[in-house]
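*Asks:* This is structure-v8.cif, which holds mmCIF, C-alpha atoms:
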```
data_data
#
loop_
_atom_site.group_PDB
_atom_site.id
_atom_site.type_symbol
_atom_site.label_atom_id
_atom_site.label_comp_id
_atom_site.auth_asym_id
_atom_site.auth_seq_id
_atom_site.Cartn_x
_atom_site.Cartn_y
_atom_site.Cartn_z
ATOM 1 C CA MET A 980 -172.883 -163.332 270.274
ATOM 2 C CA THR A 981 -173.549 -160.982 267.344
ATOM 3 C CA ILE A 982 -170.726 -159.894 265.065
ATOM 4 C CA GLN A 983 -170.153 -156.162 264.890
ATOM 5 C CA ILE A 984 -168.029 -154.634 262.112
ATOM 6 C CA ARG A 985 -166.774 -151.144 262.927
ATOM 7 C CA PRO A 986 -165.139 -149.169 260.086
ATOM 8 C CA LEU A 987 -161.672 -147.782 260.744
ATOM 9 C CA GLY A 988 -162.054 -145.064 258.138
ATOM 10 C CA PRO A 989 -164.096 -143.974 255.140
ATOM 11 C CA CYS A 990 -162.085 -145.987 252.634
ATOM 12 C CA ILE A 991 -160.472 -149.150 253.988
ATOM 13 C CA GLY A 992 -160.395 -151.398 257.029
ATOM 14 C CA ALA A 993 -162.743 -152.395 259.853
ATOM 15 C CA VAL A 994 -162.512 -154.006 263.291
ATOM 16 C CA VAL A 995 -164.590 -157.128 263.883
ATOM 17 C CA GLU A 996 -165.967 -157.597 267.394
ATOM 18 C CA GLY A 997 -168.248 -160.133 269.040
ATOM 19 C CA ILE A 998 -166.545 -163.277 267.746
ATOM 20 C CA ASP A 999 -164.152 -165.824 269.220
ATOM 21 C CA LEU A 1000 -162.138 -167.341 266.387
ATOM 22 C CA ARG A 1001 -161.297 -170.369 268.549
ATOM 23 C CA GLU A 1002 -164.919 -171.501 268.121
ATOM 24 C CA PRO A 1003 -166.235 -173.085 264.893
ATOM 25 C CA LEU A 1004 -167.478 -170.503 262.423
ATOM 26 C CA THR A 1005 -171.218 -170.638 261.679
ATOM 27 C CA ALA A 1006 -172.580 -170.181 258.167
ATOM 28 C CA ASP A 1007 -174.074 -166.822 259.179
ATOM 29 C CA GLN A 1008 -170.783 -165.610 260.649
ATOM 30 C CA ALA A 1009 -168.920 -166.662 257.511
ATOM 31 C CA ALA A 1010 -171.416 -164.772 255.350
ATOM 32 C CA GLN A 1011 -170.974 -161.626 257.481
ATOM 33 C CA ILE A 1012 -167.203 -161.873 257.197
ATOM 34 C CA HIS A 1013 -167.315 -162.262 253.415
ATOM 35 C CA ALA A 1014 -169.643 -159.253 253.195
ATOM 36 C CA GLY A 1015 -167.298 -157.293 255.450
ATOM 37 C CA MET A 1016 -164.373 -158.142 253.205
ATOM 38 C CA ASP A 1017 -166.310 -157.025 250.125
ATOM 39 C CA ARG A 1018 -167.034 -153.690 251.795
ATOM 40 C CA HIS A 1019 -163.852 -152.939 253.769
ATOM 41 C CA ALA A 1020 -161.121 -155.115 252.123
ATOM 42 C CA VAL A 1021 -159.243 -155.447 255.457
ATOM 43 C CA LEU A 1022 -160.702 -156.888 258.686
ATOM 44 C CA VAL A 1023 -158.949 -156.714 262.068
ATOM 45 C CA PHE A 1024 -159.644 -159.216 264.866
ATOM 46 C CA HIS A 1025 -158.073 -158.243 268.207
ATOM 47 C CA ASN A 1026 -157.380 -160.530 271.190
ATOM 48 C CA GLN A 1027 -157.508 -163.866 269.372
ATOM 49 C CA PRO A 1028 -155.045 -166.225 271.157
ATOM 50 C CA LEU A 1029 -155.200 -168.944 268.509
ATOM 51 C CA THR A 1030 -153.213 -172.091 268.035
ATOM 52 C CA ASN A 1031 -151.964 -172.879 264.541
ATOM 53 C CA GLU A 1032 -154.753 -175.447 264.257
ATOM 54 C CA GLN A 1033 -157.451 -172.933 265.213
ATOM 55 C CA HIS A 1034 -156.026 -170.361 262.801
ATOM 56 C CA LEU A 1035 -156.140 -172.975 260.050
ATOM 57 C CA ALA A 1036 -159.702 -174.079 260.911
ATOM 58 C CA PHE A 1037 -160.976 -170.487 260.747
ATOM 59 C CA THR A 1038 -159.303 -170.038 257.354
ATOM 60 C CA GLN A 1039 -160.725 -173.229 255.878
ATOM 61 C CA ALA A 1040 -164.220 -172.239 257.004
ATOM 62 C CA LEU A 1041 -163.935 -169.350 254.523
ATOM 63 C CA GLY A 1042 -162.543 -171.129 251.462
ATOM 64 C CA THR A 1043 -159.870 -173.339 249.891
ATOM 65 C CA LEU A 1044 -156.263 -173.093 251.040
ATOM 66 C CA GLU A 1045 -153.531 -171.981 248.683
ATOM 67 C CA ASN A 1046 -150.253 -173.894 248.633
ATOM 68 C CA THR A 1047 -147.588 -171.422 249.824
ATOM 69 C CA ALA A 1048 -144.725 -173.910 250.217
ATOM 70 C CA ASN A 1049 -142.605 -172.511 247.358
ATOM 71 C CA ASN A 1050 -143.073 -168.784 247.943
ATOM 72 C CA THR A 1051 -139.799 -168.180 249.805
ATOM 73 C CA LEU A 1052 -136.153 -169.261 249.824
ATOM 74 C CA ARG A 1053 -136.429 -171.142 253.129
ATOM 75 C CA SER A 1054 -134.882 -174.599 253.206
ATOM 76 C CA ALA A 1055 -136.278 -177.566 255.129
ATOM 77 C CA ALA A 1056 -133.968 -176.696 258.027
ATOM 78 C CA ASP A 1057 -135.758 -173.363 258.437
ATOM 79 C CA PHE A 1058 -139.304 -174.729 258.522
ATOM 80 C CA ARG A 1059 -140.986 -173.927 261.841
ATOM 81 C CA LEU A 1060 -144.627 -174.278 260.809
ATOM 82 C CA PRO A 1061 -146.879 -176.856 259.140
ATOM 83 C CA PRO A 1062 -146.970 -176.739 255.322
ATOM 84 C CA THR A 1063 -150.495 -175.277 255.430
ATOM 85 C CA MET A 1064 -149.100 -172.066 256.924
ATOM 86 C CA ALA A 1065 -146.660 -169.507 255.493
ATOM 87 C CA ASP A 1066 -143.867 -168.448 257.829
ATOM 88 C CA VAL A 1067 -143.471 -164.735 257.165
ATOM 89 C CA SER A 1068 -141.423 -164.191 260.302
ATOM 90 C CA ASN A 1069 -137.745 -163.239 260.401
ATOM 91 C CA LEU A 1070 -136.901 -166.430 262.320
ATOM 92 C CA ASP A 1071 -134.886 -169.476 261.310
ATOM 93 C CA GLY A 1072 -135.554 -173.095 262.254
ATOM 94 C CA ASN A 1073 -134.120 -172.465 265.740
ATOM 95 C CA ASP A 1074 -136.415 -169.482 266.380
ATOM 96 C CA LYS A 1075 -133.507 -167.058 266.027
ATOM 97 C CA PRO A 1076 -133.651 -163.932 263.828
ATOM 98 C CA PHE A 1077 -131.887 -164.323 260.500
ATOM 99 C CA GLY A 1078 -128.557 -162.501 260.305
ATOM 100 C CA ARG A 1079 -128.454 -159.147 258.549
ATOM 101 C CA ASP A 1080 -126.604 -160.659 255.564
ATOM 102 C CA ASP A 1081 -128.643 -163.864 255.357
ATOM 103 C CA ARG A 1082 -129.881 -164.431 251.800
ATOM 104 C CA LYS A 1083 -133.299 -165.543 253.049
ATOM 105 C CA ARG A 1084 -133.729 -162.309 255.024
ATOM 106 C CA LEU A 1085 -132.670 -160.152 252.089
ATOM 107 C CA PHE A 1086 -135.191 -161.904 249.846
ATOM 108 C CA ALA A 1087 -137.937 -161.552 252.465
ATOM 109 C CA ILE A 1088 -137.502 -157.806 252.991
ATOM 110 C CA GLY A 1089 -138.802 -157.403 249.444
ATOM 111 C CA ASN A 1090 -142.167 -157.581 251.247
ATOM 112 C CA ARG A 1091 -141.563 -153.971 252.277
ATOM 113 C CA LEU A 1092 -142.522 -153.077 248.709
ATOM 114 C CA TRP A 1093 -146.211 -152.613 247.922
ATOM 115 C CA HIS A 1094 -147.488 -155.954 246.654
ATOM 116 C CA SER A 1095 -150.406 -158.357 246.398
ATOM 117 C CA ASP A 1096 -149.821 -161.875 247.750
ATOM 118 C CA SER A 1097 -149.264 -164.534 245.097
ATOM 119 C CA SER A 1098 -149.858 -162.234 242.138
ATOM 120 C CA PHE A 1099 -146.855 -164.151 240.757
ATOM 121 C CA LYS A 1100 -149.012 -167.311 240.504
ATOM 122 C CA ALA A 1101 -151.293 -168.183 237.620
ATOM 123 C CA VAL A 1102 -154.163 -168.405 240.128
ATOM 124 C CA PRO A 1103 -153.472 -165.531 242.526
ATOM 125 C CA ALA A 1104 -154.557 -165.446 246.156
ATOM 126 C CA LYS A 1105 -157.950 -164.380 247.465
ATOM 127 C CA TYR A 1106 -157.672 -163.696 251.212
ATOM 128 C CA SER A 1107 -154.572 -163.635 253.402
ATOM 129 C CA LEU A 1108 -154.927 -164.112 257.174
ATOM 130 C CA LEU A 1109 -151.925 -162.982 259.231
ATOM 131 C CA ARG A 1110 -151.599 -163.593 262.984
ATOM 132 C CA ALA A 1111 -149.114 -161.960 265.371
ATOM 133 C CA VAL A 1112 -147.390 -164.289 267.850
ATOM 134 C CA ARG A 1113 -144.417 -162.060 268.760
ATOM 135 C CA ILE A 1114 -143.850 -158.477 267.730
ATOM 136 C CA PRO A 1115 -140.746 -156.254 267.911
ATOM 137 C CA SER A 1116 -140.397 -153.342 270.314
ATOM 138 C CA ARG A 1117 -140.973 -150.843 267.520
ATOM 139 C CA GLY A 1118 -141.782 -150.749 263.810
ATOM 140 C CA GLY A 1119 -143.112 -153.688 261.833
ATOM 141 C CA ASN A 1120 -146.485 -152.140 260.967
ATOM 142 C CA THR A 1121 -148.346 -153.443 257.927
ATOM 143 C CA GLU A 1122 -149.867 -150.898 255.545
ATOM 144 C CA PHE A 1123 -152.792 -151.609 253.227
ATOM 145 C CA ALA A 1124 -153.965 -149.645 250.177
ATOM 146 C CA HIS A 1125 -157.437 -149.974 248.658
ATOM 147 C CA MET A 1126 -157.149 -150.639 244.929
ATOM 148 C CA GLY A 1127 -160.886 -150.296 244.325
ATOM 149 C CA ALA A 1128 -160.997 -146.777 245.721
ATOM 150 C CA ALA A 1129 -157.812 -145.964 243.809
ATOM 151 C CA TYR A 1130 -159.349 -147.193 240.546
ATOM 152 C CA GLU A 1131 -162.487 -145.148 241.072
ATOM 153 C CA ALA A 1132 -160.396 -141.991 241.608
ATOM 154 C CA LEU A 1133 -158.702 -142.344 238.194
ATOM 155 C CA ASP A 1134 -159.833 -140.142 235.331
ATOM 156 C CA ASP A 1135 -161.850 -141.758 232.538
ATOM 157 C CA GLU A 1136 -158.963 -141.577 230.064
ATOM 158 C CA THR A 1137 -156.671 -143.560 232.358
ATOM 159 C CA LYS A 1138 -159.406 -146.113 233.091
ATOM 160 C CA ALA A 1139 -159.876 -146.665 229.353
ATOM 161 C CA LEU A 1140 -156.109 -146.961 228.843
ATOM 162 C CA ILE A 1141 -155.536 -149.627 231.497
ATOM 163 C CA GLU A 1142 -158.758 -151.654 231.088
ATOM 164 C CA PRO A 1143 -157.393 -154.064 228.418
ATOM 165 C CA LEU A 1144 -153.787 -154.276 229.660
ATOM 166 C CA ILE A 1145 -152.073 -157.493 230.734
ATOM 167 C CA CYS A 1146 -148.984 -157.481 232.960
ATOM 168 C CA GLU A 1147 -146.332 -160.079 233.732
ATOM 169 C CA HIS A 1148 -145.709 -160.772 237.438
ATOM 170 C CA SER A 1149 -142.743 -162.503 239.064
ATOM 171 C CA GLN A 1150 -140.926 -162.373 242.387
ATOM 172 C CA MET A 1151 -137.775 -161.851 240.338
ATOM 173 C CA PHE A 1152 -139.183 -158.497 239.190
ATOM 174 C CA SER A 1153 -139.901 -157.309 242.738
ATOM 175 C CA ARG A 1154 -136.556 -158.459 244.133
ATOM 176 C CA ASP A 1155 -134.706 -156.792 241.274
ATOM 177 C CA LEU A 1156 -136.163 -153.484 242.498
ATOM 178 C CA ILE A 1157 -134.181 -153.818 245.736
ATOM 179 C CA GLY A 1158 -131.047 -155.155 244.047
ATOM 180 C CA PHE A 1159 -131.591 -158.858 244.837
ATOM 181 C CA ARG A 1160 -130.703 -160.599 241.580
ATOM 182 C CA GLU A 1161 -128.897 -163.811 242.537
ATOM 183 C CA PHE A 1162 -131.272 -166.660 241.679
ATOM 184 C CA ASN A 1163 -130.215 -170.196 240.846
ATOM 185 C CA ALA A 1164 -131.700 -172.171 237.951
ATOM 186 C CA GLU A 1165 -134.363 -173.878 240.088
ATOM 187 C CA GLU A 1166 -135.508 -170.552 241.539
ATOM 188 C CA ARG A 1167 -135.662 -168.897 238.128
ATOM 189 C CA GLU A 1168 -137.884 -171.691 236.893
ATOM 190 C CA ARG A 1169 -140.076 -171.517 240.001
ATOM 191 C CA PHE A 1170 -140.487 -167.745 239.663
ATOM 192 C CA ARG A 1171 -141.154 -167.679 235.915
ATOM 193 C CA PRO A 1172 -143.479 -164.775 235.037
ATOM 194 C CA VAL A 1173 -147.231 -165.238 234.877
ATOM 195 C CA ARG A 1174 -149.829 -162.962 233.312
ATOM 196 C CA GLN A 1175 -152.450 -160.951 235.180
ATOM 197 C CA ARG A 1176 -155.036 -158.352 234.184
ATOM 198 C CA LEU A 1177 -154.278 -154.797 235.246
ATOM 199 C CA VAL A 1178 -157.963 -154.206 236.036
ATOM 200 C CA ARG A 1179 -159.915 -156.790 238.031
ATOM 201 C CA THR A 1180 -163.599 -157.082 238.905
ATOM 202 C CA LEU A 1181 -164.783 -158.546 242.214
ATOM 203 C CA PRO A 1182 -167.145 -161.431 241.357
ATOM 204 C CA ARG A 1183 -169.666 -160.800 244.174
ATOM 205 C CA THR A 1184 -169.963 -157.024 243.885
ATOM 206 C CA GLY A 1185 -168.857 -156.132 240.351
ATOM 207 C CA ARG A 1186 -166.548 -153.444 241.792
ATOM 208 C CA LYS A 1187 -163.418 -152.835 239.732
ATOM 209 C CA SER A 1188 -159.911 -152.410 241.114
ATOM 210 C CA VAL A 1189 -156.507 -151.740 239.639
ATOM 211 C CA TYR A 1190 -154.417 -154.887 240.186
ATOM 212 C CA LEU A 1191 -150.976 -153.620 241.108
ATOM 213 C CA SER A 1192 -147.989 -155.242 242.771
ATOM 214 C CA SER A 1193 -144.226 -154.822 242.942
ATOM 215 C CA HIS A 1194 -144.198 -158.249 241.247
ATOM 216 C CA ALA A 1195 -145.579 -156.611 238.069
ATOM 217 C CA GLY A 1196 -142.584 -155.879 235.847
ATOM 218 C CA THR A 1197 -143.828 -155.630 232.267
ATOM 219 C CA ILE A 1198 -146.961 -154.902 230.248
ATOM 220 C CA ILE A 1199 -147.635 -157.118 227.236
ATOM 221 C CA GLY A 1200 -147.114 -155.186 224.000
ATOM 222 C CA TRP A 1201 -145.472 -152.173 225.674
ATOM 223 C CA GLN A 1202 -141.854 -151.068 225.636
ATOM 224 C CA LEU A 1203 -140.307 -151.740 229.030
ATOM 225 C CA PRO A 1204 -139.481 -148.123 230.029
ATOM 226 C CA GLU A 1205 -143.003 -146.952 229.250
ATOM 227 C CA ALA A 1206 -144.548 -149.934 231.028
ATOM 228 C CA ARG A 1207 -142.474 -149.399 234.159
ATOM 229 C CA LEU A 1208 -143.367 -145.704 234.252
ATOM 230 C CA LEU A 1209 -147.090 -146.384 233.957
ATOM 231 C CA LEU A 1210 -146.938 -148.983 236.737
ATOM 232 C CA ARG A 1211 -144.975 -146.566 238.929
ATOM 233 C CA ASP A 1212 -147.446 -143.730 238.292
ATOM 234 C CA LEU A 1213 -150.382 -146.001 239.131
ATOM 235 C CA THR A 1214 -148.690 -147.216 242.312
ATOM 236 C CA GLU A 1215 -147.941 -143.673 243.455
ATOM 237 C CA HIS A 1216 -151.577 -142.776 242.845
ATOM 238 C CA ALA A 1217 -152.952 -145.881 244.601
ATOM 239 C CA THR A 1218 -150.827 -145.517 247.751
ATOM 240 C CA GLN A 1219 -151.799 -141.955 248.620
ATOM 241 C CA ARG A 1220 -152.694 -141.599 252.296
ATOM 242 C CA GLU A 1221 -156.419 -141.303 251.569
ATOM 243 C CA PHE A 1222 -156.432 -144.920 250.335
ATOM 244 C CA VAL A 1223 -154.192 -146.400 253.076
ATOM 245 C CA TYR A 1224 -154.691 -147.999 256.500
ATOM 246 C CA SER A 1225 -151.624 -148.703 258.671
ATOM 247 C CA HIS A 1226 -151.984 -151.526 261.193
ATOM 248 C CA LYS A 1227 -149.928 -151.344 264.393
ATOM 249 C CA TRP A 1228 -149.675 -154.926 265.557
ATOM 250 C CA GLN A 1229 -150.508 -156.296 268.973
ATOM 251 C CA VAL A 1230 -149.850 -159.886 270.041
ATOM 252 C CA ASN A 1231 -152.868 -162.086 269.161
ATOM 253 C CA ASP A 1232 -154.112 -159.795 266.427
ATOM 254 C CA LEU A 1233 -155.363 -161.545 263.308
ATOM 255 C CA VAL A 1234 -155.700 -159.368 260.220
ATOM 256 C CA MET A 1235 -157.229 -160.617 256.987
ATOM 257 C CA TRP A 1236 -157.231 -158.825 253.663
ATOM 258 C CA ASP A 1237 -158.518 -159.289 250.140
ATOM 259 C CA ASN A 1238 -155.592 -159.488 247.698
ATOM 260 C CA ARG A 1239 -157.923 -158.868 244.768
ATOM 261 C CA GLN A 1240 -158.622 -155.317 245.934
ATOM 262 C CA THR A 1241 -155.650 -154.335 248.092
ATOM 263 C CA MET A 1242 -151.897 -153.993 248.109
ATOM 264 C CA HIS A 1243 -149.909 -154.128 251.331
ATOM 265 C CA ARG A 1244 -146.367 -153.751 252.597
ATOM 266 C CA GLY A 1245 -144.452 -154.431 255.812
ATOM 267 C CA ARG A 1246 -142.481 -151.672 257.510
ATOM 268 C CA PRO A 1247 -138.947 -151.941 258.946
ATOM 269 C CA PHE A 1248 -138.208 -153.074 262.476
ATOM 270 C CA PRO A 1249 -134.993 -153.880 264.428
ATOM 271 C CA VAL A 1250 -133.094 -156.666 262.642
ATOM 272 C CA GLU A 1251 -132.058 -158.378 265.867
ATOM 273 C CA GLU A 1252 -135.601 -158.606 267.278
ATOM 274 C CA ALA A 1253 -138.132 -161.355 266.602
ATOM 275 C CA ARG A 1254 -141.232 -160.660 264.535
ATOM 276 C CA ASP A 1255 -143.202 -163.911 264.532
ATOM 277 C CA VAL A 1256 -146.202 -163.578 262.225
ATOM 278 C CA ARG A 1257 -147.911 -166.550 260.584
ATOM 279 C CA ARG A 1258 -150.115 -166.515 257.514
ATOM 280 C CA THR A 1259 -152.721 -168.718 255.920
ATOM 281 C CA THR A 1260 -153.871 -167.924 252.408
ATOM 282 C CA LEU A 1261 -157.023 -168.712 250.473
ATOM 283 C CA LYS A 1262 -156.775 -169.619 246.821
ATOM 284 C CA GLY A 1263 -158.428 -167.348 244.272
ATOM 285 C CA GLU A 1264 -161.332 -168.284 242.039
ATOM 286 C CA GLY A 1265 -159.139 -168.793 238.958
ATOM 287 C CA PRO A 1266 -156.673 -167.079 236.610
ATOM 288 C CA THR A 1267 -157.299 -163.441 235.763
ATOM 289 C CA VAL A 1268 -156.254 -164.197 232.185
ATOM 290 C CA ALA A 1269 -155.327 -167.270 230.162
ATOM 291 C CA GLN A 1270 -151.674 -168.106 230.590
ATOM 292 C CA GLU A 1271 -149.335 -168.424 227.630
ATOM 293 C CA ALA A 1272 -145.809 -169.761 227.361
ATOM 294 C CA ILE A 1273 -143.369 -167.040 228.376
ATOM 295 C CA ALA A 1274 -139.740 -167.154 227.284
ATOM 296 C CA ALA A 1275 -137.212 -167.483 230.069
#
```
Starting from the file, lay out its structure as structure tokens.
*Replies:*
Amino acid sequence: MTIQIRPLGPCIGAVVEGIDLREPLTADQAAQIHAGMDRHAVLVFHNQPLTNEQHLAFTQALGTLENTANNTLRSAADFRLPPTMADVSNLDGNDKPFGRDDRKRLFAIGNRLWHSDSSFKAVPAKYSLLRAVRIPSRGGNTEFAHMGAAYEALDDETKALIEPLICEHSQMFSRDLIGFREFNAEERERFRPVRQRLVRTLPRTGRKSVYLSSHAGTIIGWQLPEARLLLRDLTEHATQREFVYSHKWQVNDLVMWDNRQTMHRGRPFPVEEARDVRRTTLKGEGPTVAQEAIAA
């Protein structure tokens, strides 16, 4: 069976057909998928009724897993999935939706902000692979914005301005934007800021992208108000409709995206309904910039 990659639009996203992800991935198929990611940044696989083990096997055929165990506020009692898989559902350890006032839910809805997965880690993520097991009756779409196309649409003066800039990223920055500020000492240590370049270059293609995320809260050497305004202006530019694909989930969809050249966000859905989506994540090639000690 030959893989076919059908673009969803001129800028971002494609549907992959002619592949059963339950079967072992061949070297040629893996190469086609990597090339498709380079070109389209987001790939959609419909009708893939995978087990967790099959989802994991497909992921590992494409690269090295990232450890996502400490990305959330879930306790051991809320773990539903193996440690190789991130639970980005709204469900507790008993498969029940978190209550509206649950601290873990309030932290998790920060994912409705535009962000790049694991930009708050010294080695940020490469690909994310999200699979839908249960979806709500309405809402819950995931939107993706192409940061390469957004970079290319900037004027030369702005490109020159942002090329050398280094930002600090932390989940505390993104949660502060929605008014979530109650972190204990262990969490503050775990979410200490890391440094990332504001402009990244894809290793295989040489294409540049602006590396934005709601986790980015400061720019090294800039006054905070000016830094925040620049980051906001860039985000508004990068999330214009011409750069965005919105995915309406179906059960057994698997969507993978390149965090190095996209941002994404989840959209609201009914609090009382289950949205069971499970993610594997591939580790990036290395830090975007050398890390330095950052004061607490």
*Asks:* Can you give me, as a list in words, the residues this file yields under the PyMOL selection byres ((chain A and resi 993) around 10)?
*Replies:* Gln983, Ile984, Arg985, Pro986, Leu987, Gly988, Pro989, Cys990, Ile991, Gly992, Val994, Val995, Glu996, Gly1015, Met1016, Arg1018, His1019, Ala1020, Val1021, Leu1022, Val1023, Phe1024, Tyr1224 and Val1234 of chain A
*Asks:* Could you jot down the CA of Arg1186 (chain A) to CA of Thr1267 (chain A) separation for me, Å, one decimal place?
*Replies:*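 Going from CA of Arg1186 (chain A) over to CA of Thr1267 (chain A), I get 14.9 Å.
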*Asks:* By how many Å are CA of Met1151 (chain A) and CA of Arg1053 (chain A) apart?
*Replies:*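 Computing the Euclidean distance for CA of Met1151 (chain A) and CA of Arg1053 (chain A) yields 15.9 Å.
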*Asks:* Using all atoms listed in the file, which protein or nucleic acid residues come within 12 Å of Asp1212 (chain A)? Drop anything in the same chain fewer than 4 positions from it, and give the result as a list in words.
*Replies:* Ala1129, Leu1133, Thr1137, Leu1191, Glu1205, Ala1206, Arg1207, Leu1208, His1216, Ala1217, Thr1218 and Gln1219 of chain A
*Asks:* Could you state the separation of CA of Gln1027 (chain A) and CA of Pro1076 (chain A) in Å, given to one decimal place?
*Replies:*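 Calculated distance between CA of Gln1027 (chain A) and CA of Pro1076 (chain A) is 24.5 Å.
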*Asks:* Return as a PyMOL selection string the set of residues that the PyMOL selection byres ((chain A and resi 1148) around 7) yields on the displayed structure.
*Replies:* chain A and resi 1098-1099+1146-1147+1149+1172-1174+1194-1196
*Asks:* Identify, on the basis of only C-alpha atoms, every residue whose closest approach to Asp1080 (chain A) does not exceed 12 Å; exclude the query and any residue fewer than 4 positions from it along the same chain; express the result as a short mmCIF file (atom, residue, chain, number, x, y, z; two decimals) with C-alpha atoms, in the frame of the given file.
*Replies:*
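Output contents, as saved in around_7.cif:
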```cif
data_model
loop_
_atom_site.label_atom_id
_atom_site.label_comp_id
_atom_site.auth_asym_id
_atom_site.auth_seq_id
_atom_site.Cartn_x
_atom_site.Cartn_y
_atom_site.Cartn_z
CA PRO A 1076 -133.65 -163.93 263.83
CA ARG A 1084 -133.73 -162.31 255.02
CA LEU A 1085 -132.67 -160.15 252.09
CA PHE A 1086 -135.19 -161.90 249.85
CA ALA A 1087 -137.94 -161.55 252.46
CA ILE A 1088 -137.50 -157.81 252.99
CA PHE A 1159 -131.59 -158.86 244.84
CA VAL A 1250 -133.09 -156.67 262.64
CA GLU A 1251 -132.06 -158.38 265.87
#
```
*Asks:* Once the PyMOL selection byres ((chain A and resi 1000) around 12) has been evaluated on this model, what residues remain selected, and can you format them as JSON, numbers by chain?
*Replies:* {"A": [982, 995, 996, 997, 998, 999, 1001, 1002, 1003, 1004, 1005, 1008, 1009, 1012, 1023, 1024, 1025, 1026, 1027, 1028, 1029, 1030, 1031, 1032, 1033, 1034, 1035, 1036, 1037, 1038, 1040, 1110, 1231, 1232, 1233, 1234]}
*Asks:* Let me make sure I understand: among A:Lys1262, A:Arg1183, A:His1226, A:Arg1244, which one has the smallest atom-to-atom distance to Ala1014 (chain A) if we use only C-alpha atoms?
*Replies:*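 Using only C-alpha atoms, the shortest distance to Ala1014 (chain A) belongs to A:Arg1183.
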*Asks:* For Phe1222 (chain A), which of A:Val1268, A:Leu1109, A:Leu1041, A:Met1242 is the closest residue, counting all atoms listed in the file?
*Replies:*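 Result for the nearest residue to Phe1222 (chain A): A:Met1242.
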*Asks:* Would you give the centre and edge lengths, in Å to one decimal, of a box along x, y and z around the listed atoms of region 1101-1108 of chain A, with 3 Å added to each side, as AutoDock Vina command-line options?
*Replies:*
```
--center_x -154.6 --center_y -166.0 --center_z 247.4 --size_x 12.7 --size_y 10.8 --size_z 25.6
```
*Asks:* With distances taken over all atoms listed in the file, which residue among A:Ser1107, A:Asn1046, A:Gln1240, A:Thr1184 lies nearest Tyr1130 (chain A)?
*Replies:*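 Under the stated criterion, the closest residue is A:Gln1240.
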*Asks:* Could you give me, as number ranges by chain, the residues that have an atom at most 8 Å away from the point (-138.6, -157.8, 269.5) in the coordinates of the file, using only C-alpha atoms?
*Replies:* A: 1113-1117, 1249, 1251-1254
*Asks:* Residues proximal to (-136.5, -168.3, 252.0) were defined as those with any atom within 12 Å of that point in the file's coordinates, counting only C-alpha atoms. Which are they, as JSON, numbers by chain?
*Replies:* {"A": [1047, 1048, 1049, 1050, 1051, 1052, 1053, 1054, 1055, 1056, 1057, 1058, 1065, 1066, 1067, 1068, 1069, 1070, 1071, 1072, 1077, 1081, 1082, 1083, 1084, 1085, 1086, 1087, 1088, 1089, 1162, 1166]}
